[in-house]
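File shown: work.cif (mmCIF, C-alpha atoms).
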data_start
loop_
_atom_site.label_atom_id
_atom_site.label_comp_id
_atom_site.auth_asym_id
_atom_site.auth_seq_id
_atom_site.Cartn_x
_atom_site.Cartn_y
_atom_site.Cartn_z
CA MET F 25 -128.95 173.50 -57.29
CA ARG F 26 -125.98 173.71 -54.96
CA ASN F 27 -122.67 172.21 -56.10
CA GLU F 28 -122.29 169.96 -53.05
CA LEU F 29 -119.02 168.39 -51.97
CA GLU F 30 -117.87 166.02 -49.25
CA LEU F 31 -114.37 166.15 -47.77
CA TYR F 32 -112.29 163.31 -46.35
CA LEU F 33 -109.06 164.02 -44.44
CA HIS F 34 -106.71 161.13 -43.77
CA ILE F 35 -104.67 161.13 -40.56
CA PRO F 36 -102.45 158.05 -41.03
CA PHE F 37 -101.10 157.81 -37.49
CA CYS F 38 -102.08 155.64 -34.54
CA VAL F 39 -100.69 154.68 -31.14
CA ARG F 40 -100.17 151.08 -32.28
CA LYS F 41 -101.26 149.30 -35.43
CA CYS F 42 -103.80 146.54 -34.80
CA ALA F 43 -102.93 143.04 -36.03
CA TYR F 44 -105.98 142.82 -38.32
CA CYS F 45 -105.68 146.30 -39.86
CA ASP F 46 -104.65 146.74 -43.49
CA PHE F 47 -105.35 150.48 -43.65
CA LEU F 48 -102.64 152.98 -44.59
CA SER F 49 -101.66 153.80 -41.01
CA GLY F 50 -99.05 153.28 -38.33
CA PRO F 51 -97.41 154.77 -35.24
CA SER F 52 -95.16 157.83 -35.51
CA ASP F 53 -93.46 160.53 -33.46
CA LYS F 54 -94.76 163.99 -32.62
CA GLU F 55 -92.37 165.74 -35.00
CA THR F 56 -93.50 163.64 -37.99
CA ILE F 57 -97.16 164.21 -37.13
CA SER F 58 -96.56 167.96 -36.94
CA ARG F 59 -94.73 167.96 -40.31
CA TYR F 60 -97.52 165.90 -41.85
CA LEU F 61 -100.16 168.37 -40.67
CA GLU F 62 -98.23 171.23 -42.24
CA ALA F 63 -98.15 169.28 -45.51
CA LEU F 64 -101.88 168.57 -45.24
CA LYS F 65 -102.55 172.27 -44.80
CA LYS F 66 -100.55 172.94 -47.97
CA GLU F 67 -102.70 170.44 -49.85
CA ILE F 68 -105.88 172.05 -48.52
CA ARG F 69 -104.69 175.52 -49.59
CA SER F 70 -103.82 174.16 -53.04
CA GLN F 71 -107.55 173.48 -53.56
CA LYS F 72 -108.63 177.13 -53.43
CA THR F 73 -109.53 177.35 -57.13
CA PHE F 74 -111.25 173.95 -57.06
CA ALA F 75 -113.28 175.01 -54.00
CA GLU F 76 -114.84 178.02 -55.73
CA GLY F 77 -118.57 177.60 -56.27
CA ARG F 78 -118.77 174.47 -54.12
CA ILE F 79 -120.29 173.99 -50.69
CA VAL F 80 -119.06 171.35 -48.26
CA ILE F 81 -121.89 169.34 -46.72
CA THR F 82 -119.89 166.71 -44.80
CA ILE F 83 -116.33 166.30 -43.51
CA PHE F 84 -114.88 163.04 -42.24
CA LEU F 85 -111.53 162.69 -40.48
CA GLY F 86 -110.35 159.09 -40.69
CA GLY F 87 -107.19 157.16 -40.18
CA GLY F 88 -105.30 155.86 -38.39
CA THR F 89 -106.46 157.59 -35.28
CA PRO F 90 -107.34 161.25 -35.89
CA SER F 91 -107.97 161.70 -32.16
CA ILE F 92 -104.21 161.60 -31.52
CA LEU F 93 -104.25 165.24 -32.70
CA THR F 94 -104.19 167.85 -29.96
CA GLY F 95 -107.01 170.31 -29.60
CA ALA F 96 -104.81 173.09 -30.97
CA GLN F 97 -103.82 171.01 -34.00
CA MET F 98 -107.45 170.27 -34.79
CA GLN F 99 -108.47 173.90 -34.53
CA GLU F 100 -105.60 174.99 -36.77
CA LEU F 101 -106.59 172.36 -39.35
CA PHE F 102 -110.17 173.61 -39.44
CA GLU F 103 -109.07 177.22 -39.65
CA VAL F 104 -107.28 176.36 -42.89
CA LEU F 105 -110.26 174.38 -44.16
CA ARG F 106 -112.50 177.41 -43.63
CA GLU F 107 -110.00 179.67 -45.37
CA VAL F 108 -110.41 177.58 -48.52
CA PHE F 109 -113.85 175.93 -48.47
CA VAL F 110 -117.37 177.18 -47.82
CA ILE F 111 -118.71 174.81 -45.20
CA ASP F 112 -122.47 174.53 -44.82
CA SER F 113 -123.70 175.69 -41.42
CA HIS F 114 -125.45 172.33 -40.97
CA ALA F 115 -122.56 170.20 -42.24
CA GLU F 116 -121.99 166.82 -40.61
CA ILE F 117 -118.38 166.81 -39.35
CA SER F 118 -117.18 163.42 -38.08
CA ILE F 119 -113.99 162.22 -36.46
CA GLU F 120 -112.84 158.66 -35.79
CA VAL F 121 -111.79 158.27 -32.17
CA ASN F 122 -109.90 155.48 -30.47
CA PRO F 123 -110.97 155.01 -26.85
CA GLY F 124 -108.33 156.27 -24.45
CA THR F 125 -106.90 158.88 -26.84
CA ILE F 126 -109.19 161.77 -25.89
CA THR F 127 -109.34 164.20 -23.01
CA GLU F 128 -111.86 166.84 -22.01
CA GLU F 129 -109.52 169.51 -23.40
CA LYS F 130 -109.35 167.73 -26.76
CA LEU F 131 -113.08 167.16 -27.03
CA LEU F 132 -113.97 170.74 -26.20
CA ALA F 133 -111.43 171.97 -28.74
CA TYR F 134 -112.79 169.56 -31.36
CA ARG F 135 -116.30 170.89 -30.77
CA LYS F 136 -115.05 174.46 -31.01
CA ALA F 137 -113.42 173.55 -34.34
CA GLY F 138 -116.80 172.33 -35.59
CA VAL F 139 -116.71 168.57 -35.06
CA ASN F 140 -120.26 167.40 -34.26
CA ARG F 141 -120.09 163.62 -34.69
CA ILE F 142 -117.79 161.07 -33.07
CA SER F 143 -117.17 157.53 -34.30
CA PHE F 144 -115.67 155.31 -31.61
CA GLY F 145 -113.61 152.33 -32.77
CA LEU F 146 -114.60 150.03 -29.92
CA GLN F 147 -114.90 146.66 -31.80
CA SER F 148 -115.89 144.58 -28.73
CA THR F 149 -116.99 144.98 -25.11
CA ASN F 150 -115.14 141.76 -24.20
CA ASN F 151 -111.61 142.52 -22.99
CA GLU F 152 -110.27 139.13 -24.07
CA GLU F 153 -111.53 139.76 -27.60
CA LEU F 154 -109.97 143.23 -27.53
CA GLN F 155 -106.64 141.65 -26.59
CA ILE F 156 -106.92 139.21 -29.48
CA LEU F 157 -107.48 142.17 -31.82
CA GLU F 158 -104.52 143.92 -30.15
CA ARG F 159 -106.55 147.01 -29.40
CA ILE F 160 -104.88 149.51 -27.05
CA HIS F 161 -107.98 149.96 -24.88
CA THR F 162 -110.28 148.01 -22.60
CA TYR F 163 -114.06 148.19 -22.47
CA GLU F 164 -113.73 150.24 -19.28
CA THR F 165 -111.51 152.72 -21.12
CA PHE F 166 -114.15 153.01 -23.83
CA LEU F 167 -116.86 153.71 -21.27
CA GLU F 168 -114.79 156.54 -19.79
CA SER F 169 -114.28 158.01 -23.27
CA PHE F 170 -117.95 157.58 -24.23
CA TYR F 171 -119.28 159.30 -21.10
CA LEU F 172 -116.65 162.04 -21.47
CA ALA F 173 -117.86 162.74 -25.00
CA ARG F 174 -121.45 162.95 -23.75
CA SER F 175 -120.46 165.33 -20.96
CA CYS F 176 -118.70 167.54 -23.51
CA GLY F 177 -121.92 167.89 -25.49
CA PHE F 178 -121.60 165.34 -28.30
CA ASP F 179 -125.09 164.14 -29.16
CA ASN F 180 -124.27 162.21 -32.33
CA ILE F 181 -122.06 159.21 -31.55
CA ASN F 182 -121.33 156.04 -33.52
CA VAL F 183 -119.84 152.86 -32.09
CA ASP F 184 -118.01 150.38 -34.32
CA LEU F 185 -118.26 146.67 -33.48
CA ILE F 186 -116.61 143.65 -35.13
CA SER F 187 -118.05 140.13 -35.20
CA ALA F 188 -116.40 136.78 -36.10
CA ILE F 189 -113.36 137.49 -33.91
CA PRO F 190 -111.25 134.40 -33.07
CA ASN F 191 -112.75 132.52 -30.09
CA GLN F 192 -115.85 134.72 -30.20
CA THR F 193 -119.18 133.04 -29.50
CA VAL F 194 -122.69 134.01 -30.48
CA GLU F 195 -123.34 134.73 -26.81
CA SER F 196 -120.35 137.06 -26.40
CA TRP F 197 -121.36 138.91 -29.57
CA GLU F 198 -124.90 139.35 -28.26
CA GLU F 199 -123.45 140.63 -24.99
CA SER F 200 -121.44 143.28 -26.86
CA LEU F 201 -124.52 144.36 -28.79
CA ASN F 202 -126.69 144.55 -25.68
CA ARG F 203 -124.10 146.52 -23.72
CA ILE F 204 -123.84 149.12 -26.48
CA ILE F 205 -127.61 149.27 -26.91
CA GLU F 206 -127.84 150.16 -23.20
CA LEU F 207 -125.57 153.15 -23.84
CA ASN F 208 -128.02 154.39 -26.50
CA PRO F 209 -125.59 155.79 -29.08
CA GLU F 210 -127.21 157.36 -32.12
CA HIS F 211 -125.50 155.01 -34.58
CA ILE F 212 -123.94 151.53 -34.57
CA SER F 213 -121.73 150.06 -37.29
CA ALA F 214 -121.42 146.28 -37.16
CA TYR F 215 -118.83 144.65 -39.38
CA SER F 216 -117.67 141.07 -39.81
CA LEU F 217 -113.93 140.56 -39.41
CA ILE F 218 -112.10 140.09 -42.71
CA ILE F 219 -108.72 138.39 -42.52
CA GLU F 220 -106.67 140.49 -44.94
CA GLU F 221 -103.53 139.26 -46.64
CA GLY F 222 -100.39 141.06 -45.54
CA THR F 223 -101.54 141.49 -41.94
CA PRO F 224 -100.24 139.60 -38.88
CA PHE F 225 -103.78 138.21 -38.52
CA PHE F 226 -103.49 136.52 -41.90
CA GLU F 227 -100.33 134.72 -40.78
CA THR F 228 -102.12 133.48 -37.67
CA TYR F 229 -105.73 133.00 -38.75
CA GLY F 230 -105.70 132.95 -42.57
CA GLU F 231 -106.58 129.95 -44.68
CA GLY F 232 -104.38 127.02 -43.66
CA ALA F 233 -102.80 128.93 -40.76
CA PRO F 234 -102.63 127.31 -37.31
CA GLY F 235 -105.24 129.63 -35.80
CA GLU F 236 -107.86 129.21 -38.52
CA ALA F 237 -109.76 126.72 -36.35
CA LEU F 238 -110.27 129.43 -33.72
CA LEU F 239 -112.49 131.46 -36.02
CA PRO F 240 -116.25 131.06 -35.47
CA SER F 241 -117.90 128.49 -37.70
CA GLU F 242 -119.77 129.65 -40.76
CA GLU F 243 -123.01 128.75 -38.99
CA ASN F 244 -122.13 130.81 -35.91
CA GLU F 245 -120.93 133.72 -38.02
CA ARG F 246 -124.25 133.70 -39.87
CA ARG F 247 -126.10 133.58 -36.55
CA MET F 248 -124.15 136.61 -35.29
CA TYR F 249 -125.11 138.43 -38.47
CA GLN F 250 -128.79 137.62 -37.99
CA ARG F 251 -128.81 138.51 -34.29
CA THR F 252 -127.28 141.89 -35.09
CA GLU F 253 -130.27 142.93 -37.16
CA GLU F 254 -132.77 141.40 -34.73
CA LEU F 255 -131.40 142.97 -31.56
CA LEU F 256 -130.79 146.39 -33.06
CA ARG F 257 -134.19 146.52 -34.72
CA GLU F 258 -135.87 145.66 -31.42
CA ALA F 259 -133.89 148.47 -29.78
CA GLY F 260 -135.07 151.09 -32.28
CA TYR F 261 -132.15 151.15 -34.69
CA TYR F 262 -133.10 150.95 -38.34
CA ARG F 263 -130.80 149.31 -40.81
CA TYR F 264 -130.14 151.75 -43.64
CA GLU F 265 -127.09 150.03 -45.15
CA ILE F 266 -125.70 146.50 -45.02
CA SER F 267 -123.46 147.16 -41.99
CA ASN F 268 -124.95 150.34 -40.53
CA TYR F 269 -127.80 151.02 -38.12
CA ALA F 270 -129.09 154.33 -36.82
CA LYS F 271 -131.70 156.03 -34.70
CA ASN F 272 -134.21 158.07 -36.68
CA GLY F 273 -132.48 160.92 -38.48
CA LYS F 274 -128.99 159.81 -37.46
CA ALA F 275 -127.79 157.91 -40.52
CA CYS F 276 -124.23 158.92 -41.41
CA ARG F 277 -124.67 161.52 -44.14
CA HIS F 278 -121.05 161.27 -45.22
CA ASN F 279 -121.26 157.54 -45.89
CA LEU F 280 -124.61 157.92 -47.63
CA GLY F 281 -122.82 160.32 -49.95
CA TYR F 282 -120.34 157.59 -50.86
CA TRP F 283 -123.12 155.14 -51.72
CA ASP F 284 -125.02 157.82 -53.65
CA ARG F 285 -121.83 158.76 -55.53
CA THR F 286 -121.79 162.36 -54.31
CA SER F 287 -118.55 164.11 -55.29
CA TYR F 288 -115.98 163.87 -52.53
CA LEU F 289 -112.42 165.13 -52.25
CA GLY F 290 -109.93 163.13 -50.22
CA MET F 291 -106.90 164.92 -48.84
CA GLY F 292 -103.94 163.44 -47.06
CA LEU F 293 -101.74 160.41 -47.60
CA GLY F 294 -103.39 157.81 -49.84
CA ALA F 295 -106.76 159.56 -49.75
CA SER F 296 -109.20 158.70 -52.57
CA SER F 297 -111.56 161.05 -54.41
CA LEU F 298 -114.53 160.99 -56.76
CA ILE F 299 -115.13 164.26 -58.59
CA GLU F 300 -117.73 164.31 -61.35
CA ASN F 301 -117.13 160.69 -62.37
CA GLU F 302 -113.35 160.92 -62.15
CA ARG F 303 -111.62 158.80 -59.54
CA PHE F 304 -108.09 159.43 -58.28
CA ARG F 305 -106.04 158.95 -55.14
CA ASN F 306 -103.01 160.45 -53.49
CA CYS F 307 -99.66 158.71 -53.25
CA GLU F 308 -98.90 156.42 -50.30
CA ASN F 309 -95.26 157.41 -49.76
CA LEU F 310 -95.17 159.62 -46.67
CA SER F 311 -91.89 161.42 -47.47
CA PHE F 312 -92.97 162.12 -51.06
CA TYR F 313 -96.37 163.35 -49.90
CA MET F 314 -94.90 165.74 -47.33
CA GLU F 315 -92.46 167.13 -49.88
CA HIS F 316 -95.01 167.68 -52.66
CA ALA F 317 -98.36 168.08 -50.85
CA GLY F 318 -98.84 171.59 -52.20
CA ASP F 319 -98.96 170.30 -55.78
CA PRO F 320 -102.01 168.04 -56.35
CA ASP F 321 -100.88 167.09 -59.86
CA VAL F 322 -97.68 165.60 -58.43
CA ILE F 323 -99.13 163.62 -55.51
CA ARG F 324 -102.14 162.20 -57.36
CA GLU F 325 -102.09 158.69 -58.78
CA SER F 326 -104.51 156.31 -60.51
CA GLU F 327 -106.34 159.15 -62.19
CA GLY F 328 -109.02 158.27 -64.68
CA LYS F 329 -112.48 159.19 -65.89
CA LEU F 330 -115.02 156.45 -65.31
CA SER F 331 -116.60 155.03 -68.43
CA ILE F 332 -120.40 155.03 -68.69
CA GLN F 333 -120.29 151.28 -68.05
CA GLU F 334 -118.26 151.79 -64.86
CA GLN F 335 -120.62 154.56 -63.72
CA MET F 336 -123.63 152.29 -64.21
CA GLU F 337 -121.97 149.44 -62.32
CA GLU F 338 -121.12 151.72 -59.41
CA PHE F 339 -124.66 153.08 -59.35
CA VAL F 340 -125.97 149.52 -58.98
CA PHE F 341 -123.59 147.90 -56.50
CA LEU F 342 -123.10 150.95 -54.30
CA GLY F 343 -126.79 151.86 -54.35
CA LEU F 344 -127.93 148.34 -53.53
CA ARG F 345 -125.90 148.48 -50.31
CA LYS F 346 -128.61 150.79 -49.00
CA MET F 347 -131.76 149.14 -47.71
CA GLU F 348 -133.92 151.49 -49.80
CA GLY F 349 -132.08 150.25 -52.90
CA ILE F 350 -131.83 152.04 -56.23
CA SER F 351 -134.32 154.07 -58.23
CA ILE F 352 -135.08 152.51 -61.60
CA ALA F 353 -136.18 155.89 -62.99
CA GLU F 354 -133.04 157.64 -61.73
CA PHE F 355 -130.85 155.08 -63.50
CA GLU F 356 -132.60 155.82 -66.80
CA ASN F 357 -132.48 159.58 -66.24
CA LEU F 358 -128.73 159.45 -65.57
CA PHE F 359 -127.67 157.07 -68.30
CA GLY F 360 -130.40 157.34 -70.96
CA VAL F 361 -131.06 153.61 -70.98
CA ALA F 362 -133.39 151.35 -69.02
CA LEU F 363 -131.94 149.39 -66.10
CA GLU F 364 -133.66 146.27 -67.45
CA ALA F 365 -131.95 146.70 -70.83
CA CYS F 366 -128.53 146.63 -69.19
CA TYR F 367 -128.96 144.12 -66.38
CA GLY F 368 -132.32 142.47 -67.00
CA HIS F 369 -131.02 138.90 -67.12
CA GLY F 370 -129.29 139.12 -63.75
CA ILE F 371 -132.14 141.06 -62.16
CA GLN F 372 -134.75 138.50 -63.21
CA LYS F 373 -132.56 135.66 -62.01
CA MET F 374 -132.12 137.30 -58.59
CA LYS F 375 -135.85 138.03 -58.37
CA GLN F 376 -136.63 134.37 -59.05
CA GLN F 377 -134.29 133.38 -56.23
CA LYS F 378 -135.98 135.98 -53.97
CA LEU F 379 -132.71 137.81 -53.42
CA ILE F 380 -134.01 141.16 -54.72
CA GLU F 381 -137.44 142.75 -54.93
CA GLU F 382 -138.98 145.67 -56.79
CA HIS F 383 -141.58 148.00 -55.32
CA ALA F 384 -142.71 151.56 -56.11
CA GLY F 385 -139.93 152.00 -58.66
CA MET F 386 -137.17 150.88 -56.29
CA LEU F 387 -135.02 147.76 -56.60
CA TYR F 388 -133.60 146.49 -53.31
CA LEU F 389 -132.10 143.47 -51.59
CA THR F 390 -134.31 141.08 -49.64
CA PRO F 391 -133.15 139.92 -46.19
CA LYS F 392 -131.84 136.78 -47.85
CA GLY F 393 -130.11 138.88 -50.49
CA ILE F 394 -128.44 141.04 -47.86
CA ASP F 395 -126.79 137.94 -46.40
CA ILE F 396 -125.09 137.17 -49.73
CA SER F 397 -124.94 140.66 -51.20
CA ASN F 398 -121.62 140.23 -53.01
CA PHE F 399 -123.03 137.21 -54.85
CA VAL F 400 -126.12 139.22 -55.83
CA PHE F 401 -124.06 142.14 -57.12
CA ALA F 402 -121.92 139.81 -59.22
CA GLU F 403 -124.93 138.00 -60.65
CA ILE F 404 -126.63 141.25 -61.68
CA LEU F 405 -123.57 142.94 -63.14
CA TYR F 406 -121.78 139.89 -64.55
CA PRO F 407 -124.48 137.23 -64.82
CA SER F 408 -123.41 133.62 -65.25
CA CYS F 409 -125.34 131.59 -67.80
#

Can you turn what I pasted into structure tokens?
Amino acid sequence: MRNELELYLHIPFCVRKCAYCDFLSGPSDKETISRYLEALKKEIRSQKTFAEGRIVITIFLGGGTPSILTGAQMQELFEVLREVFVIDSHAEISIEVNPGTITEEKLLAYRKAGVNRISFGLQSTNNEELQILERIHTYETFLESFYLARSCGFDNINVDLISAIPNQTVESWEESLNRIIELNPEHISAYSLIIEEGTPFFETYGEGAPGEALLPSEENERRMYQRTEELLREAGYYRYEISNYAKNGKACRHNLGYWDRTSYLGMGLGASSLIENERFRNCENLSFYMEHAGDPDVIRESEGKLSIQEQMEEFVFLGLRKMEGISIAEFENLFGVALEACYGHGIQKMKQQKLIEEHAGMLYLTPKGIDISNFVFAEILYPSC
């Protein structure tokens, strides 16, 4: 059996930070970006011993906005990756792209480097909603970028959309969905807006803030959620994970690896990793990272081997995010104990409430359970009496 590995590369720079974003990212100058990329290359080269005997099956460049990199910078980055890692000839290689940050020259260079999947951070087709989110692009800008990617040969494209935006209606959400369906991308990710503490959005729209009343009602938010599944299913997109929909054969293999707990190595500022049941992450201080990137032992933080209990919990709550659910037999094979023996009380309770079902050895969420998945996970793993 091949020793498979996923790679994640964090590019923490963007043109302008969005008001709702709590990711480790922000704007910067060309010199800092160039210095960061040199540091990232040092970190990649430091993994030469670790890379031996492993084969990379997916690569994901996230951020930030990785598409701020020039074509030459991207090609140089992948040259270093190939110096160190064996990359499968059929590897899925994805890059997050912000509309308006790509050119034909960039896209052709990205393809030459090996990128074969693009994930557009659109969020809405309504320009007023985009302004509320403080996105740097318009819907028209996105369309230009989308068609440019198609003309440059990209045949695996994802579009990200966000629902429950302030002042958003069910009708405007449906319009965004229908417009993207007409473009026929291979994949659509549909997320509900989360107002995160520490962001400008929290100050404006958080609990008790003056703008809280502008958020869609709980009823309308639930309706948006339901219409997402209905419209995308009718258009031929199958839901394979709580927030992700794909055409046949186009599910994101990198994300499936996360939910299946495939080993992945994160490189770059603040990047997280899971290697053989050990989780760790890199530091978040940019100056410290750039100074010490060539020494993984120095830049890594929060290192720790997962206990068997933690491994079992991850198997359950990550696996249940997928529509196919979790294999009862696989749980027992991995951990030497029956799933029912560990979580039987919570499982039976959720079955009685028709929030989960069991069929052909698989345990999975029902449509009702999907709507309140966090509650279901908590009740199975930490059942209340």

Reference answer for the PyMOL selection byres ((chain F and resi 182) around 12), as a count of residues only: 41

Quick one: residues within 12 Å of Cys38 (chain F), all atoms listed in the file, excluding same-chain residues fewer than 5 positions away - as a PDB file with C-alpha atoms, keeping the file's coordinate frame?
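result_16.pdb, written as the output of this step:
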ATOM      1  CA  CYS F  45    -105.680 146.300 -39.860  1.00  0.00           C
ATOM      2  CA  PHE F  47    -105.350 150.480 -43.650  1.00  0.00           C
ATOM      3  CA  LEU F  48    -102.640 152.980 -44.590  1.00  0.00           C
ATOM      4  CA  SER F  49    -101.660 153.800 -41.010  1.00  0.00           C
ATOM      5  CA  GLY F  50     -99.050 153.280 -38.330  1.00  0.00           C
ATOM      6  CA  PRO F  51     -97.410 154.770 -35.240  1.00  0.00           C
ATOM      7  CA  SER F  52     -95.160 157.830 -35.510  1.00  0.00           C
ATOM      8  CA  ASP F  53     -93.460 160.530 -33.460  1.00  0.00           C
ATOM      9  CA  LYS F  54     -94.760 163.990 -32.620  1.00  0.00           C
ATOM     10  CA  ILE F  57     -97.160 164.210 -37.130  1.00  0.00           C
ATOM     11  CA  GLY F  86    -110.350 159.090 -40.690  1.00  0.00           C
ATOM     12  CA  GLY F  87    -107.190 157.160 -40.180  1.00  0.00           C
ATOM     13  CA  GLY F  88    -105.300 155.860 -38.390  1.00  0.00           C
ATOM     14  CA  THR F  89    -106.460 157.590 -35.280  1.00  0.00           C
ATOM     15  CA  PRO F  90    -107.340 161.250 -35.890  1.00  0.00           C
ATOM     16  CA  SER F  91    -107.970 161.700 -32.160  1.00  0.00           C
ATOM     17  CA  ILE F  92    -104.210 161.600 -31.520  1.00  0.00           C
ATOM     18  CA  LEU F  93    -104.250 165.240 -32.700  1.00  0.00           C
ATOM     19  CA  GLU F 120    -112.840 158.660 -35.790  1.00  0.00           C
ATOM     20  CA  VAL F 121    -111.790 158.270 -32.170  1.00  0.00           C
ATOM     21  CA  ASN F 122    -109.900 155.480 -30.470  1.00  0.00           C
ATOM     22  CA  PRO F 123    -110.970 155.010 -26.850  1.00  0.00           C
ATOM     23  CA  GLY F 124    -108.330 156.270 -24.450  1.00  0.00           C
ATOM     24  CA  THR F 125    -106.900 158.880 -26.840  1.00  0.00           C
ATOM     25  CA  ARG F 159    -106.550 147.010 -29.400  1.00  0.00           C
ATOM     26  CA  ILE F 160    -104.880 149.510 -27.050  1.00  0.00           C
TER      27      ILE F 160
END

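Nearest to Ser196 (chain F) of all the residues F:Ile266, F:Met248, F:Val39, F:Ile68 is F:Met248, counting all atoms listed in the file.
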
Separation of CA of Phe304 (chain F) from CA of Thr73 (chain F), in Å and rounded to one decimal: 18.0 Å

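Here CA of Asp321 (chain F) is placed at a distance of 17.1 Å from CA of Glu300 (chain F).
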
CA of Gly328 (chain F) to CA of Phe355 (chain F), distance in Å rounded to a single decimal: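 Computed distance, CA of Gly328 (chain F) to CA of Phe355 (chain F), equals 22.1 Å.
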
For Ala362 (chain F), the nearest of the candidates F:Met347, F:Ile218, F:Glu62, F:Met336, counting all atoms listed in the file: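 Residue with the minimum atom-to-atom distance to Ala362 (chain F): F:Met336.
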
Who sits within 10 Å of Val104 (chain F), all atoms listed in the file, same chain under 6 positions skipped, as a VMD selection string: chain F and resid 64 to 66 68 to 69

Selected residue, from F:Arg285, F:His278, F:Arg246, F:Arg257, that lies nearest to Phe341 (chain F) when counting only C-alpha atoms: F:Arg285

Explicit residue set for the PyMOL selection byres ((chain F and resi 44) around 9), as a PyMOL selection string: chain F and resi 41-43+45-46+157-158+217-220+223-226

Test item: which residues lie within 6 Å of (-124.1, 146.8, -60.5) counting all atoms listed in the file, as a PyMOL selection string: chain F and resi 337-338+340-341+401+405

Of the listed residues F:Tyr32, F:Ser175, F:Leu255, F:Leu358, that which approaches Leu105 (chain F) most closely, counting all atoms listed in the file: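 Smallest separation from Leu105 (chain F) among the options: F:Tyr32.
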
So which residues get picked by the PyMOL selection byres ((chain F and resi 400) around 9) here, written as a PDB file with C-alpha atoms, in the frame of the given file?
ATOM      1  CA  GLY F 370    -129.290 139.120 -63.750  1.00  0.00           C
ATOM      2  CA  ILE F 371    -132.140 141.060 -62.160  1.00  0.00           C
ATOM      3  CA  MET F 374    -132.120 137.300 -58.590  1.00  0.00           C
ATOM      4  CA  LEU F 379    -132.710 137.810 -53.420  1.00  0.00           C
ATOM      5  CA  ILE F 380    -134.010 141.160 -54.720  1.00  0.00           C
ATOM      6  CA  LEU F 389    -132.100 143.470 -51.590  1.00  0.00           C
ATOM      7  CA  GLY F 393    -130.110 138.880 -50.490  1.00  0.00           C
ATOM      8  CA  ILE F 394    -128.440 141.040 -47.860  1.00  0.00           C
ATOM      9  CA  ILE F 396    -125.090 137.170 -49.730  1.00  0.00           C
ATOM     10  CA  SER F 397    -124.940 140.660 -51.200  1.00  0.00           C
ATOM     11  CA  ASN F 398    -121.620 140.230 -53.010  1.00  0.00           C
ATOM     12  CA  PHE F 399    -123.030 137.210 -54.850  1.00  0.00           C
ATOM     13  CA  PHE F 401    -124.060 142.140 -57.120  1.00  0.00           C
ATOM     14  CA  ALA F 402    -121.920 139.810 -59.220  1.00  0.00           C
ATOM     15  CA  GLU F 403    -124.930 138.000 -60.650  1.00  0.00           C
ATOM     16  CA  ILE F 404    -126.630 141.250 -61.680  1.00  0.00           C
ATOM     17  CA  LEU F 405    -123.570 142.940 -63.140  1.00  0.00           C
TER      18      LEU F 405
END
